[in-house]
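Trainee: Let me give you the structure first, and then I'll get to my questions.
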Amino acid sequence: MILQVALDTPLRRVFDYLPPAGQDNREKPELGVRVRVPFGRQRLIGILVATPLDSAVPASKLREALEVLDERPVLDPVTFDLLLWAAEYYHHPVGEVFAAALPGSLRAGQATLATTQSWVLTPAGRQELACPANRRAPLQRALLAELAEHGGSAERAGAAPRLGLLRTLAKRGWIAAVNFAPDDPLPASPPPGVRESDVALTEAQAQVVEAIGASMLQFRAHLLYGVTGSGKTEVYLRVIAAAIAHGGQALVLVPEIALTPQLVERFRRRFSSGVVVLHSGRTGSERRDAWRAAHGGRARIVIGTRSAVFASLPKLALIVVDEEHDASYKQHEGFRYSARDLAVLRARGAHVPIILGSATPSLETLENVAVGRYTKHRLPQRPGAARVPRMSLVDLRKHASEQGVSTPVLQAMRAHLESGGQVIVFLNRRGYAPSLFCSSCGWVAPCARCDARMTLHRGAQQLRCHHCGAHCPVPVICANCGHALNPVGQGTERIEETLSRLFPAAPLARLDSDTASGRGAMEALLDRVRSGEARILVGTQMLTKGHHFPDVSLVVILDADQGLFASDFRATERLAQTITQVAGRAGREARAGEVMIQTEFPEHPLLNRLIAEGYEGFAASALEERRQASWPPYSRLAMLRAEAKDSGELDAFLKAAAIQGRALADAAVKVLGPASALMARRADHFRAHLLIESAVRASLQRFLAAWLPLIEALPAPAGLRWAIDVDPLQVD
């Protein structure tokens with residue numbers, strides 16, 4: 001028997017080993033257990049993925065594995081198969097794929113289940129009990145007798161008040177401390193208590209809960225298409241309660257860490273126990289403990305960001321992907337997977353339903369509905385008296401503005417504040433100003449490492465590059481001509497300054513990655529808004545997702561033009577989603593909502609379609625444009641992305657890869673490029689790519705499988721890095 005082990009290395013292969021010395025060759029370990037093996041001069045831990053009877057490696061070169069660490073797999077069978085499939089589909093080294101699914105502590109060899117320390121009666125202790133009673137130590141004898149009565153052992157936790165006495169018995173050799181891993185407690189673990197909701201379902205919500213509940217024991221993909229504020233979370237809670245009542249576990253994916261605290265709080269108010277959180281913002285021990293609770297079955301609900309799609313859930317009964325359209329579900333570095341797509345595949349493999357929730361579904365998801373792969377459920381209205389806000393465009397060409405805020409917007413803000421409402425001002429650009437400009441010679445502060453301008457952060461007195469992280473003090477005068485420098489354009493910091501000056505009686509909060517980076521900082525800011533202390537909230541895209549502010553009656557979108565003319569074919573889709581999502585923060589309860597969108601292109605069809613027909617009208621038109629242009633979802637894409645410090649070497653490598661690809665491609669596959677990235681130089685590296693397009697997914701996959709070994713064999717200069725990105729979200 002050969003042990004084929006997936007190791008956390010960049011090599012696209014598994015490694016063959018003989019079983020550990022002394023192991024019976026007839027005792028085949030289960031696939032998915034961890035194996036410690038020698039690798040060069042190192043000792044690595046990998047995952048056992050196959051046990052063939054022979055190897056392509058000569059027997060004389062095979063080394064013995066050091067030890068098999070687990071008796072049972074560290075991943076449930078469905079997730080194990082999903083990871084193997086993902087490594088093949090995304091053409092990523094299988095060892096790195098498995099490593100992405102496990103907490104760091106498990107990759108380092110810690111136990112999969114938490115161990116419990118117990119005290120065990122030794123033979124000497126049993127002999128002592130058999131002797132006549134020792135009147136000088138009645139408490140010791142009583143404790144020995146208690147241990148014997150409970151099968152010779154007792155958990156240390158239960159005996160904590162007598163810990164000193166236990167240690168005395170251990171010194172006498174009558175008992176010994178041992179560690180053990182408890183069995184999977186899921187079958188004996190009662191479901192958490194579910195508190196009754198005080199929210200009455202609308203007729204549409206009740207129909208959705210009933211329809212999804214009817215598919216509880218089978219795979220079906222449900223698109224929950226609800227306008228912002230329509231009560232999608234309440235639907236999730238009801239269906240999850242049904243899944244738990246069936247004895248199962250639920251996985252809930254959210255796009256960003258920032259959304260988890262309020263969602264977790266709501267879940268824990270509804271479910272008395274069994275809710276754990278998995279995301280990169282937690283400490284290593286917290287992630288380990290949450291993973292163990294899920295793997296061991298104690299956790300009935302796992303809430304997490306994209307990597308939580310790999311959490312080991314042996315009794316998975318339901319998956320929920322909230323804000324399914326969000327680009328954060330796609331990993332853009334290393335193992336470049338889509339958590340949303342893998343969640344659908346995991347649900348299919350586990351034969352369980354999946355809910356994809358969004359007010360602005362991705363065009364790929366809407367196409368899956370159109371062809372019958374997914375079932376669509378509509379939540380067209382907000383509960384109670386809440387109504388979808390009224391939207392209007394403000395033509396910046398016709399109105400004066402104060403630091404980017406037009407006169408009609410200022411008038412509307414004043415009216416809403418005087419009537420007791422709150423105001424959200426959205427600008428997806430942090431910092432004080434995007435440029436520092438010399439009006440005398442035209443110099444603009446550049447980043448020395450990127451093809452980008454430095455952003456002025458006046459509060460920190462720094463120029464910062466938002467692409468590579470470089471920063472420097474703010475210069476006083478122009479280095480070229482000695483004249484004064486002026487900030488040009490607006491960021492959230494400058495808007496905060498302007499509105500604080502114009503509305504001194506209205507306390508203001510600013511929410512962006514600069515103000516919300518500290519632990520608990522974002523929740524503190526949001527609490528100020530929810531409590532009514534802050535009347536104006538200025539922020540970036542962090543405002544667009546999932547927040548409920550009952551008193552917000554006006555939303556202002558300062559610059560709607562950023563995505564209208566971008567080079568990426570998905571830019572208009574992202575812009576429509578952003579506008580719709582941030583607009584949805586207004587009018588969520590009794591107060592009527594209003595949305596004002598500032599633009600210099602009020603005649604643009606995208607903006608007018610959003611105003612007149614909503615997101616659904618925009619999506620229908622955008623899908624037809626994609627169909628005519630043969631862009632996804634009507635074709636399949638992959639990108640070979642590469643970067644190097646020398647632009648000539650980068651170009652030569654990509655041209656050689658393109659020649660290999662075109663020689664290999666058939667009529668169903670196109671190799672386009674090479675082309676420079678939109679930002680050709682970032683962090684002192686030049687960046688470029690090849691685009692591979694095919695109308696058929698299978699043709700693209702066959703091409704990539706044959707092409708990548710040829711690329712790996714190409715001579716590459718030192719420092720050149722490349723990666724394949726299947727189903728890229730950004731083509732720029």
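By order of appearance in the structure tokens: chains A, B, ..., then residues from 1 within every chain, and ligands from 1 in the order shown.
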What lies within 9 Å of Val68 (chain A) using only C-alpha atoms, ignoring chain neighbours under 5 positions off, as a PyMOL selection string?
Mentor: chain A and resi 19-20+29+33-37
Trainee: If DSSP is run on the backbone, what residues of region 329-562 of chain A are strand (DSSP E or B)? A reply as an MDAnalysis selection string would be ideal.
Mentor: chainID A and resid 330 338 353:358 374:379 390:395 401:402 405:406 422:426 433 435:437 444 446 453 455:457 462:464 471:473 477 484 486:488 508:511 536:539 552:557
Trainee: I want to know what sits within 12 Å of Pro52 (chain A), based on only C-alpha atoms, with residues of the same chain fewer than 2 positions away left out; could you give that as a VMD selection string?
Mentor: chain A and resid 1 to 5 15 to 19 28 to 29 31 48 to 50 54 to 56
Trainee: Determine the nearest neighbour of Arg336 (chain A) from the options A:Val239, A:Cys131, A:Arg697, A:Arg306, counting only C-alpha atoms.
Mentor: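 For Arg336 (chain A), the nearest of the given residues is A:Arg306.
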Trainee: Counting only C-alpha atoms, what is within 12 Å of Leu217 (chain A), bar same-chain residues fewer than 6 positions away, as a PyMOL selection string?
Mentor: chain A and resi 242-244+246-248+315-318+347-348+350-354
Trainee: Quick one: distance from CA of Leu313 (chain A) to CA of Gly349 (chain A) in Å, one decimal?
Mentor: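 These two atoms are separated by 12.8 Å.
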Trainee: From a DSSP calculation on the backbone, collect every residue of region 548-581 of chain A in helix (DSSP H, G or I) and output the set as a PyMOL selection string.
Mentor: chain A and resi 571-581
Trainee: From the set A:Cys465, A:Val277, A:Val405, A:Ala241, which residue has the shortest atom-to-atom contact distance to Gly489 (chain A), counting only C-alpha atoms?
Mentor: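 Closest residue, counting only C-alpha atoms: A:Val405.
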Trainee: Which residue out of A:Arg266, A:Arg464, A:Arg585, A:Arg494 has the minimum interatomic distance to Arg387 (chain A) when only C-alpha atoms are used?
Mentor: A:Arg585
Trainee: Please provide as a list of chain:residue names all residues within 7 Å of Val94 (chain A), with the sequence filter that same-chain residues fewer than 4 positions apart are discarded (counting only C-alpha atoms).
Mentor: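 Here the qualifying residues turn out to be A:Ala6, A:Arg12, A:Arg13, A:Leu84, A:Ala87, A:Phe98.
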Trainee: May I ask which of the residues A:Val227, A:Val199, A:Val309, A:Leu691 is the closest one to Leu83 (chain A), counting only C-alpha atoms?
Mentor: A:Val309
Trainee: Counting only C-alpha atoms, which of A:Ala566, A:Gln249, A:Leu224, A:Ala470 gets nearest to Val369 (chain A)?
Mentor: A:Leu224
Trainee: So the first atom is CA of Pro632 (chain A) and the second is CA of Ile557 (chain A); what is the distance between them in Å, to one decimal place?
Mentor: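 Atom-to-atom, CA of Pro632 (chain A) to CA of Ile557 (chain A), that is 28.6 Å.
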Trainee: Between A:Ser531, A:Gln577, A:Thr599, A:Thr544, which one has atoms that come closest to Leu393 (chain A), using only C-alpha atoms?
Mentor: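 Ranked by minimum distance to Leu393 (chain A), first place goes to A:Thr599.
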